[in-house]
file query_0.txt (compact mmCIF, C-alpha atoms and all ligand atoms)
# COMPACT_ATOMS: atom_id res chain seq x y z
CA MET G 1 13.71 -6.78 -39.53
CA LYS G 2 10.40 -6.66 -37.71
CA LEU G 3 8.14 -9.69 -37.88
CA THR G 4 4.77 -10.39 -36.40
CA ILE G 5 2.73 -13.53 -36.03
CA PHE G 6 -1.07 -13.42 -36.14
CA GLY G 7 -3.51 -16.16 -35.40
CA PRO G 8 -6.52 -16.90 -33.23
CA PRO G 9 -5.96 -17.99 -29.64
CA GLY G 10 -4.65 -21.55 -29.76
CA SER G 11 -3.08 -21.24 -33.22
CA GLY G 12 0.42 -21.49 -31.73
CA LYS G 13 1.70 -18.00 -32.47
CA GLY G 14 3.53 -17.81 -29.13
CA THR G 15 5.35 -21.07 -29.81
CA TYR G 16 6.52 -20.05 -33.31
CA ALA G 17 7.43 -16.51 -32.23
CA LYS G 18 9.76 -18.00 -29.59
CA MET G 19 11.25 -20.46 -32.12
CA LEU G 20 11.86 -17.68 -34.66
CA GLY G 21 13.37 -15.41 -32.02
CA LYS G 22 15.81 -18.18 -31.11
CA ASP G 23 16.72 -18.98 -34.75
CA PHE G 24 17.15 -15.32 -35.71
CA ARG G 25 18.71 -14.45 -32.35
CA VAL G 26 16.38 -11.49 -31.97
CA PRO G 27 14.18 -10.50 -29.04
CA VAL G 28 10.57 -11.66 -28.94
CA ILE G 29 7.98 -9.24 -27.63
CA SER G 30 5.11 -11.33 -26.38
CA ILE G 31 2.47 -8.91 -25.18
CA GLY G 32 0.41 -11.71 -23.60
CA ASP G 33 3.43 -12.94 -21.56
CA LEU G 34 4.35 -9.39 -20.48
CA LEU G 35 0.77 -8.65 -19.44
CA ARG G 36 0.46 -11.95 -17.55
CA GLU G 37 3.69 -11.04 -15.74
CA GLU G 38 2.13 -7.71 -14.64
CA VAL G 39 -0.92 -9.61 -13.33
CA THR G 40 1.25 -12.17 -11.47
CA ASN G 41 3.34 -9.37 -9.92
CA LYS G 42 0.14 -7.54 -8.91
CA SER G 43 1.64 -4.32 -10.28
CA GLU G 44 -0.50 -1.20 -10.75
CA ILE G 45 -1.03 -2.16 -14.41
CA GLY G 46 -1.60 -5.79 -13.44
CA LEU G 47 -4.44 -4.90 -11.08
CA LYS G 48 -6.05 -2.75 -13.77
CA ILE G 49 -6.00 -5.43 -16.48
CA LYS G 50 -6.63 -8.65 -14.52
CA ASP G 51 -10.41 -8.71 -15.04
CA LEU G 52 -10.19 -7.75 -18.72
CA MET G 53 -7.72 -10.55 -19.40
CA GLU G 54 -9.75 -13.10 -17.49
CA LYS G 55 -12.79 -12.20 -19.59
CA GLY G 56 -10.81 -12.53 -22.83
CA ASP G 57 -11.06 -8.82 -23.67
CA LEU G 58 -8.20 -6.78 -25.05
CA VAL G 59 -6.15 -4.64 -22.69
CA PRO G 60 -6.37 -0.85 -23.38
CA ASP G 61 -4.20 0.30 -26.29
CA GLU G 62 -2.31 2.92 -24.18
CA ILE G 63 -1.01 0.20 -21.84
CA VAL G 64 0.02 -2.09 -24.70
CA LEU G 65 1.69 0.72 -26.67
CA GLU G 66 3.63 1.85 -23.59
CA ILE G 67 4.97 -1.68 -23.12
CA VAL G 68 5.84 -2.02 -26.83
CA ASN G 69 7.61 1.36 -26.92
CA LYS G 70 9.72 0.37 -23.92
CA LYS G 71 10.78 -2.94 -25.47
CA ILE G 72 11.02 -2.25 -29.20
CA SER G 73 14.28 -2.59 -31.14
CA ASP G 74 15.21 -2.65 -34.87
CA ASN G 75 15.03 -6.43 -35.06
CA VAL G 76 12.18 -8.06 -33.26
CA VAL G 77 9.52 -10.75 -33.43
CA PHE G 78 6.11 -9.67 -32.12
CA ASP G 79 3.71 -12.18 -30.66
CA GLY G 80 0.22 -10.72 -30.27
CA PHE G 81 0.83 -7.25 -31.64
CA PRO G 82 -0.81 -5.28 -33.21
CA ARG G 83 -4.10 -6.71 -32.11
CA ASP G 84 -6.46 -3.94 -33.19
CA MET G 85 -6.41 -1.11 -35.77
CA LYS G 86 -5.39 1.51 -33.17
CA GLN G 87 -2.22 -0.44 -32.41
CA ILE G 88 -0.88 -0.17 -35.96
CA SER G 89 1.89 2.22 -35.00
CA VAL G 90 4.83 0.09 -36.03
CA ASP G 91 5.58 -1.03 -39.59
CA VAL G 92 6.44 -4.70 -39.95
CA ASP G 93 8.49 -6.25 -42.77
CA LYS G 94 6.65 -9.53 -42.69
CA ALA G 95 3.52 -10.87 -41.03
CA ILE G 96 2.52 -14.50 -40.71
CA ASN G 97 -1.13 -15.43 -40.41
CA LEU G 98 -1.58 -18.85 -38.80
CA THR G 99 -4.96 -20.17 -39.81
CA CYS G 100 -6.84 -22.45 -37.43
CA SER G 101 -10.54 -23.35 -37.11
CA ASP G 102 -12.54 -22.43 -34.00
CA GLU G 103 -12.97 -26.12 -33.10
CA VAL G 104 -9.24 -26.83 -33.19
CA CYS G 105 -8.45 -23.64 -31.21
CA ILE G 106 -10.97 -24.55 -28.50
CA LYS G 107 -9.65 -28.10 -28.21
CA ARG G 108 -6.05 -26.96 -28.02
CA ILE G 109 -6.59 -24.24 -25.42
CA THR G 110 -8.58 -26.39 -23.06
CA ASN G 111 -5.67 -28.85 -23.05
CA ARG G 112 -2.98 -26.23 -22.67
CA LEU G 113 -0.60 -25.71 -19.76
CA ILE G 114 2.08 -23.06 -19.31
CA CYS G 115 5.18 -23.10 -17.11
CA SER G 116 4.79 -20.53 -14.33
CA LYS G 117 8.55 -19.87 -14.44
CA CYS G 118 9.92 -20.00 -18.02
CA LYS G 119 6.54 -19.72 -19.86
CA LYS G 120 7.11 -22.81 -22.02
CA ILE G 121 3.78 -24.02 -23.38
CA TYR G 122 2.64 -27.64 -23.16
CA ASN G 123 -0.37 -29.47 -24.49
CA LEU G 124 -1.74 -32.53 -22.71
CA ILE G 125 -2.43 -34.23 -26.05
CA THR G 126 0.25 -33.08 -28.48
CA LEU G 127 3.11 -31.98 -26.24
CA PRO G 128 2.76 -33.40 -22.72
CA PRO G 129 5.51 -32.75 -20.11
CA ARG G 130 7.75 -35.71 -19.18
CA VAL G 131 6.68 -35.41 -15.53
CA LYS G 132 3.05 -34.52 -14.77
CA GLY G 133 2.69 -30.89 -13.67
CA GLU G 134 6.42 -30.14 -14.07
CA CYS G 135 8.28 -28.20 -16.79
CA ASP G 136 10.81 -30.27 -18.78
CA GLU G 137 13.11 -27.26 -19.16
CA CYS G 138 13.23 -25.67 -15.70
CA GLY G 139 11.17 -27.85 -13.35
CA GLY G 140 8.66 -25.00 -12.83
CA ASN G 141 5.02 -25.62 -11.93
CA LEU G 142 2.71 -26.10 -14.91
CA ILE G 143 -0.53 -24.15 -14.67
CA SER G 144 -3.65 -23.83 -16.79
CA ARG G 145 -3.76 -20.64 -18.83
CA VAL G 146 -6.00 -18.05 -17.13
CA ASP G 147 -8.05 -17.62 -20.28
CA ALA G 148 -8.82 -21.27 -21.05
CA ASN G 149 -12.49 -20.98 -20.11
CA VAL G 150 -13.13 -17.86 -22.12
CA VAL G 151 -11.77 -19.09 -25.41
CA LYS G 152 -15.05 -18.50 -27.25
CA ASP G 153 -15.08 -14.86 -26.16
CA ARG G 154 -11.46 -14.53 -27.21
CA LEU G 155 -12.29 -15.93 -30.65
CA ARG G 156 -15.07 -13.33 -30.98
CA VAL G 157 -12.66 -10.56 -29.98
CA PHE G 158 -10.08 -11.90 -32.45
CA LYS G 159 -12.57 -11.79 -35.33
CA ARG G 160 -13.89 -8.34 -34.45
CA GLU G 161 -10.59 -6.58 -33.58
CA THR G 162 -7.71 -8.50 -35.18
CA LEU G 163 -9.11 -9.69 -38.54
CA PRO G 164 -9.18 -6.07 -39.81
CA VAL G 165 -5.48 -5.76 -38.86
CA ILE G 166 -4.70 -8.97 -40.76
CA ASN G 167 -6.54 -7.59 -43.81
CA TYR G 168 -4.57 -4.37 -43.51
CA PHE G 169 -1.25 -6.26 -43.74
CA ARG G 170 -2.65 -8.48 -46.52
CA LYS G 171 -3.37 -5.37 -48.58
CA LYS G 172 0.19 -4.15 -47.92
CA ASN G 173 1.48 -7.45 -49.38
CA VAL G 174 3.53 -8.40 -46.34
CA LEU G 175 1.24 -11.18 -45.14
CA VAL G 176 1.90 -14.89 -45.59
CA GLU G 177 -0.80 -17.41 -44.70
CA ILE G 178 0.29 -20.65 -43.06
CA ASP G 179 -1.97 -23.56 -42.13
CA GLY G 180 -1.61 -23.67 -38.34
CA GLU G 181 -3.65 -26.83 -37.81
CA ARG G 182 -0.71 -29.15 -38.51
CA SER G 183 2.01 -30.36 -36.15
CA ILE G 184 4.56 -27.91 -34.76
CA ASP G 185 7.30 -29.46 -36.93
CA GLU G 186 5.26 -29.17 -40.13
CA VAL G 187 4.21 -25.57 -39.46
CA TYR G 188 7.70 -24.50 -38.45
CA ALA G 189 9.20 -26.18 -41.55
CA ASP G 190 7.04 -23.83 -43.66
CA ILE G 191 8.04 -20.83 -41.57
CA ARG G 192 11.69 -21.80 -41.90
CA LYS G 193 11.34 -22.06 -45.69
CA LEU G 194 9.74 -18.65 -45.79
CA PHE G 195 12.85 -17.12 -44.22
CA LYS G 196 15.26 -19.55 -45.90
CA LEU G 197 16.43 -20.71 -42.48
CA LYS G 198 18.48 -23.91 -42.40
CA LYS G 199 17.64 -26.77 -40.03
P1 LIG N 1 -2.08 -14.08 -25.83
O1 LIG N 1 -1.11 -14.69 -24.89
O2 LIG N 1 -1.42 -13.43 -27.00
O3 LIG N 1 -3.14 -15.05 -26.23
O4 LIG N 1 -2.81 -12.89 -25.03
C1 LIG N 1 -3.50 -13.11 -23.84
C2 LIG N 1 -4.35 -11.89 -23.48
O5 LIG N 1 -3.49 -10.75 -23.32
C3 LIG N 1 -5.37 -11.45 -24.52
O6 LIG N 1 -6.58 -12.16 -24.42
C4 LIG N 1 -5.55 -9.97 -24.17
O7 LIG N 1 -6.36 -9.82 -23.02
C5 LIG N 1 -4.14 -9.57 -23.79
N1 LIG N 1 -3.37 -9.06 -24.95
C6 LIG N 1 -2.31 -9.66 -25.56
N2 LIG N 1 -1.83 -8.91 -26.57
C7 LIG N 1 -2.62 -7.78 -26.59
C8 LIG N 1 -2.64 -6.60 -27.40
N3 LIG N 1 -1.75 -6.39 -28.41
N4 LIG N 1 -3.59 -5.67 -27.14
C9 LIG N 1 -4.48 -5.85 -26.15
N5 LIG N 1 -4.51 -6.91 -25.35
C10 LIG N 1 -3.59 -7.88 -25.56
call {"tool": "encode", "arguments": {"input": "query_0.txt", "output": "structure tokens"}}
result
Amino acid sequence: MKLTIFGPPGSGKGTYAKMLGKDFRVPVISIGDLLREEVTNKSEIGLKIKDLMEKGDLVPDEIVLEIVNKKISDNVVFDGFPRDMKQISVDVDKAINLTCSDEVCIKRITNRLICSKCKKIYNLITLPPRVKGECDECGGNLISRVDANVVKDRLRVFKRETLPVINYFRKKNVLVEIDGERSIDEVYADIRKLFKLKK
């Protein structure tokens, strides 16, 4: 089964994709994490996409599709794919649309930290680390997400490029809308119900 989670930046799609991957024991393909890794490693691709990512723009489709084709398997949870109409190359069995207002997205992102090692996401208000600046899971350094200051641009890009993709899956009747403004536990309880997953 192939699943994908949509939602504006800050809606929590990365968090729920990781939780679903763990519960289903299937790989998660997080395009954002994979691209950030390329930037951190200063690879050829990383150098090409650094500025685009910092501005909140999408990375070229060829690069994203190459990464997806390398990683794809029969059972997978996508986080952040497909992000525009040209990326609709893979059929998904179910798509979740996490809804979240611009105001809430902006507030969440500006308070968000990510572990530089294991990529766990924290939020200074809703999910602070036990020790300031340190990951609870692996002790890695917590850093601000590169794109925190460009969240408004990212929201514009989301509406222009990704909303048509969401509509496409809605028309195909594979889309389920979930209110992403609630707590992680509440949202994930709905997602769990959707897949009849036990606690
Ligand atoms: P995310 O972690 O999903 O919020 O993604 C962070 C950034 O990675 C985005 O702002 C884009 O620059 C880039 N990105 C992630 N997924 C894609 C995709 N499917 N296509 C193009 N760019 C992407």
call {"tool": "atom_distance", "arguments": {"input": "query_0.txt", "atom1": "atom CA of Ile178 of chain G", "atom2": "atom CA of Leu98 of chain G"}}
result
5.0 Å
call {"tool": "atom_distance", "arguments": {"input": "query_0.txt", "atom1": "atom C10 of ligand LIG 1 (chain N)", "atom2": "atom CA of Gly139 of chain G"}}
result
27.7 Å
call {"tool": "residues_near_ligand", "arguments": {"input": "query_0.txt", "ligand": "ligand LIG 1 (chain N)", "cutoff": "6 Å", "atoms": "all atoms listed in the file", "output": "PyMOL selection string"}}
result
chain G and resi 9+31-33+53+56-59+64+80-83
call {"tool": "residues_around", "arguments": {"input": "query_0.txt", "residues": "Gly10 of chain G", "least_positions_apart": "5", "cutoff": "8 Å", "atoms": "only C-alpha atoms", "output": "VMD selection string"}}
result
chain G and resid 104 to 106 108 to 109
call {"tool": "closest_atom_pairs", "arguments": {"input": "query_0.txt", "of": "segment 4-80 of chain G", "to": "segment 84-89 of chain G", "cutoff": "12 Å", "atoms": "only C-alpha atoms", "output": "CSV"}}
result
residue,atom,partner,partner_atom,distance
G:Thr4,CA,G:Ile88,CA,11.7
G:Phe6,CA,G:Asp84,CA,11.3
G:Asp57,CA,G:Asp84,CA,11.6
G:Leu58,CA,G:Asp84,CA,8.8
G:Val59,CA,G:Asp84,CA,10.5
G:Pro60,CA,G:Gln87,CA,9.9
G:Asp61,CA,G:Gln87,CA,6.5
G:Glu62,CA,G:Gln87,CA,8.9
G:Ile63,CA,G:Gln87,CA,10.7
G:Val64,CA,G:Gln87,CA,8.2
G:Leu65,CA,G:Gln87,CA,7.0
G:Glu66,CA,G:Gln87,CA,10.8
G:Ile67,CA,G:Gln87,CA,11.8
G:Val68,CA,G:Gln87,CA,9.9
G:Asn69,CA,G:Ser89,CA,9.9
G:Ile72,CA,G:Ser89,CA,11.7
G:Gly80,CA,G:Asp84,CA,10.0
call {"tool": "residues_around", "arguments": {"input": "query_0.txt", "residues": "Thr126 of chain G", "least_positions_apart": "3", "cutoff": "12 Å", "atoms": "all atoms listed in the file", "output": "PyMOL selection string"}}
result
chain G and resi 107-109+111-113+121-123+129+181-185
call {"tool": "closest_residue", "arguments": {"input": "query_0.txt", "among": "G:Lys196, G:Val151, G:Glu161, G:Asp51", "to": "Val39 of chain G", "atoms": "all atoms listed in the file"}}
result
G:Asp51
call {"tool": "build_atoms", "arguments": {"input": "query_0.txt", "residues": "segment 32-53 of chain G", "atoms": "N, CA, C and O atoms", "output": "mmCIF file, in the frame of the given file"}}
result
data_model
loop_
_atom_site.group_PDB
_atom_site.id
_atom_site.type_symbol
_atom_site.label_atom_id
_atom_site.label_comp_id
_atom_site.auth_asym_id
_atom_site.auth_seq_id
_atom_site.Cartn_x
_atom_site.Cartn_y
_atom_site.Cartn_z
ATOM 1 N N GLY G 32 1.164 -10.875 -24.542
ATOM 2 C CA GLY G 32 0.410 -11.710 -23.600
ATOM 3 C C GLY G 32 1.280 -12.102 -22.399
ATOM 4 O O GLY G 32 0.850 -11.974 -21.250
ATOM 5 N N ASP G 33 2.532 -12.552 -22.659
ATOM 6 C CA ASP G 33 3.430 -12.940 -21.560
ATOM 7 C C ASP G 33 3.728 -11.745 -20.654
ATOM 8 O O ASP G 33 3.726 -11.856 -19.425
ATOM 9 N N LEU G 34 3.997 -10.587 -21.279
ATOM 10 C CA LEU G 34 4.350 -9.390 -20.480
ATOM 11 C C LEU G 34 3.168 -8.947 -19.634
ATOM 12 O O LEU G 34 3.331 -8.567 -18.471
ATOM 13 N N LEU G 35 1.955 -9.049 -20.209
ATOM 14 C CA LEU G 35 0.770 -8.650 -19.440
ATOM 15 C C LEU G 35 0.493 -9.635 -18.309
ATOM 16 O O LEU G 35 0.153 -9.247 -17.194
ATOM 17 N N ARG G 36 0.670 -10.934 -18.606
ATOM 18 C CA ARG G 36 0.460 -11.950 -17.550
ATOM 19 C C ARG G 36 1.442 -11.732 -16.402
ATOM 20 O O ARG G 36 1.110 -11.921 -15.240
ATOM 21 N N GLU G 37 2.672 -11.313 -16.761
ATOM 22 C CA GLU G 37 3.690 -11.040 -15.740
ATOM 23 C C GLU G 37 3.221 -9.895 -14.827
ATOM 24 O O GLU G 37 3.380 -9.961 -13.607
ATOM 25 N N GLU G 38 2.635 -8.859 -15.432
ATOM 26 C CA GLU G 38 2.130 -7.710 -14.640
ATOM 27 C C GLU G 38 1.042 -8.197 -13.674
ATOM 28 O O GLU G 38 0.986 -7.779 -12.525
ATOM 29 N N VAL G 39 0.177 -9.098 -14.173
ATOM 30 C CA VAL G 39 -0.920 -9.610 -13.330
ATOM 31 C C VAL G 39 -0.330 -10.432 -12.176
ATOM 32 O O VAL G 39 -0.694 -10.250 -11.013
ATOM 33 N N THR G 40 0.630 -11.319 -12.500
ATOM 34 C CA THR G 40 1.250 -12.170 -11.470
ATOM 35 C C THR G 40 1.942 -11.301 -10.409
ATOM 36 O O THR G 40 1.858 -11.573 -9.212
ATOM 37 N N ASN G 41 2.612 -10.238 -10.860
ATOM 38 C CA ASN G 41 3.340 -9.370 -9.920
ATOM 39 C C ASN G 41 2.422 -8.409 -9.169
ATOM 40 O O ASN G 41 2.884 -7.622 -8.344
ATOM 41 N N LYS G 42 1.118 -8.448 -9.525
ATOM 42 C CA LYS G 42 0.140 -7.540 -8.910
ATOM 43 C C LYS G 42 0.594 -6.079 -8.981
ATOM 44 O O LYS G 42 0.448 -5.310 -8.032
ATOM 45 N N SER G 43 1.208 -5.703 -10.089
ATOM 46 C CA SER G 43 1.640 -4.320 -10.280
ATOM 47 C C SER G 43 0.406 -3.450 -10.491
ATOM 48 O O SER G 43 -0.707 -3.969 -10.651
ATOM 49 N N GLU G 44 0.629 -2.124 -10.544
ATOM 50 C CA GLU G 44 -0.500 -1.200 -10.750
ATOM 51 C C GLU G 44 -1.232 -1.552 -12.051
ATOM 52 O O GLU G 44 -2.455 -1.652 -12.089
ATOM 53 N N ILE G 45 -0.434 -1.772 -13.117
ATOM 54 C CA ILE G 45 -1.030 -2.160 -14.410
ATOM 55 C C ILE G 45 -1.724 -3.507 -14.263
ATOM 56 O O ILE G 45 -2.847 -3.708 -14.719
ATOM 57 N N GLY G 46 -1.054 -4.447 -13.605
ATOM 58 C CA GLY G 46 -1.600 -5.790 -13.440
ATOM 59 C C GLY G 46 -2.976 -5.787 -12.798
ATOM 60 O O GLY G 46 -3.889 -6.497 -13.241
ATOM 61 N N LEU G 47 -3.145 -4.962 -11.772
ATOM 62 C CA LEU G 47 -4.440 -4.900 -11.080
ATOM 63 C C LEU G 47 -5.517 -4.332 -11.986
ATOM 64 O O LEU G 47 -6.666 -4.747 -11.954
ATOM 65 N N LYS G 48 -5.105 -3.380 -12.841
ATOM 66 C CA LYS G 48 -6.050 -2.750 -13.770
ATOM 67 C C LYS G 48 -6.554 -3.727 -14.835
ATOM 68 O O LYS G 48 -7.688 -3.650 -15.272
ATOM 69 N N ILE G 49 -5.664 -4.633 -15.289
ATOM 70 C CA ILE G 49 -6.000 -5.430 -16.480
ATOM 71 C C ILE G 49 -6.459 -6.856 -16.157
ATOM 72 O O ILE G 49 -6.903 -7.562 -17.053
ATOM 73 N N LYS G 50 -6.349 -7.252 -14.895
ATOM 74 C CA LYS G 50 -6.630 -8.650 -14.520
ATOM 75 C C LYS G 50 -8.018 -9.105 -15.006
ATOM 76 O O LYS G 50 -8.143 -10.137 -15.675
ATOM 77 N N ASP G 51 -9.043 -8.311 -14.692
ATOM 78 C CA ASP G 51 -10.410 -8.710 -15.040
ATOM 79 C C ASP G 51 -10.607 -8.782 -16.554
ATOM 80 O O ASP G 51 -11.233 -9.711 -17.061
ATOM 81 N N LEU G 52 -10.060 -7.780 -17.250
ATOM 82 C CA LEU G 52 -10.190 -7.750 -18.720
ATOM 83 C C LEU G 52 -9.582 -9.006 -19.322
ATOM 84 O O LEU G 52 -10.171 -9.653 -20.190
ATOM 85 N N MET G 53 -8.396 -9.378 -18.844
ATOM 86 C CA MET G 53 -7.720 -10.550 -19.400
ATOM 87 C C MET G 53 -8.486 -11.820 -19.088
ATOM 88 O O MET G 53 -8.599 -12.711 -19.909
#
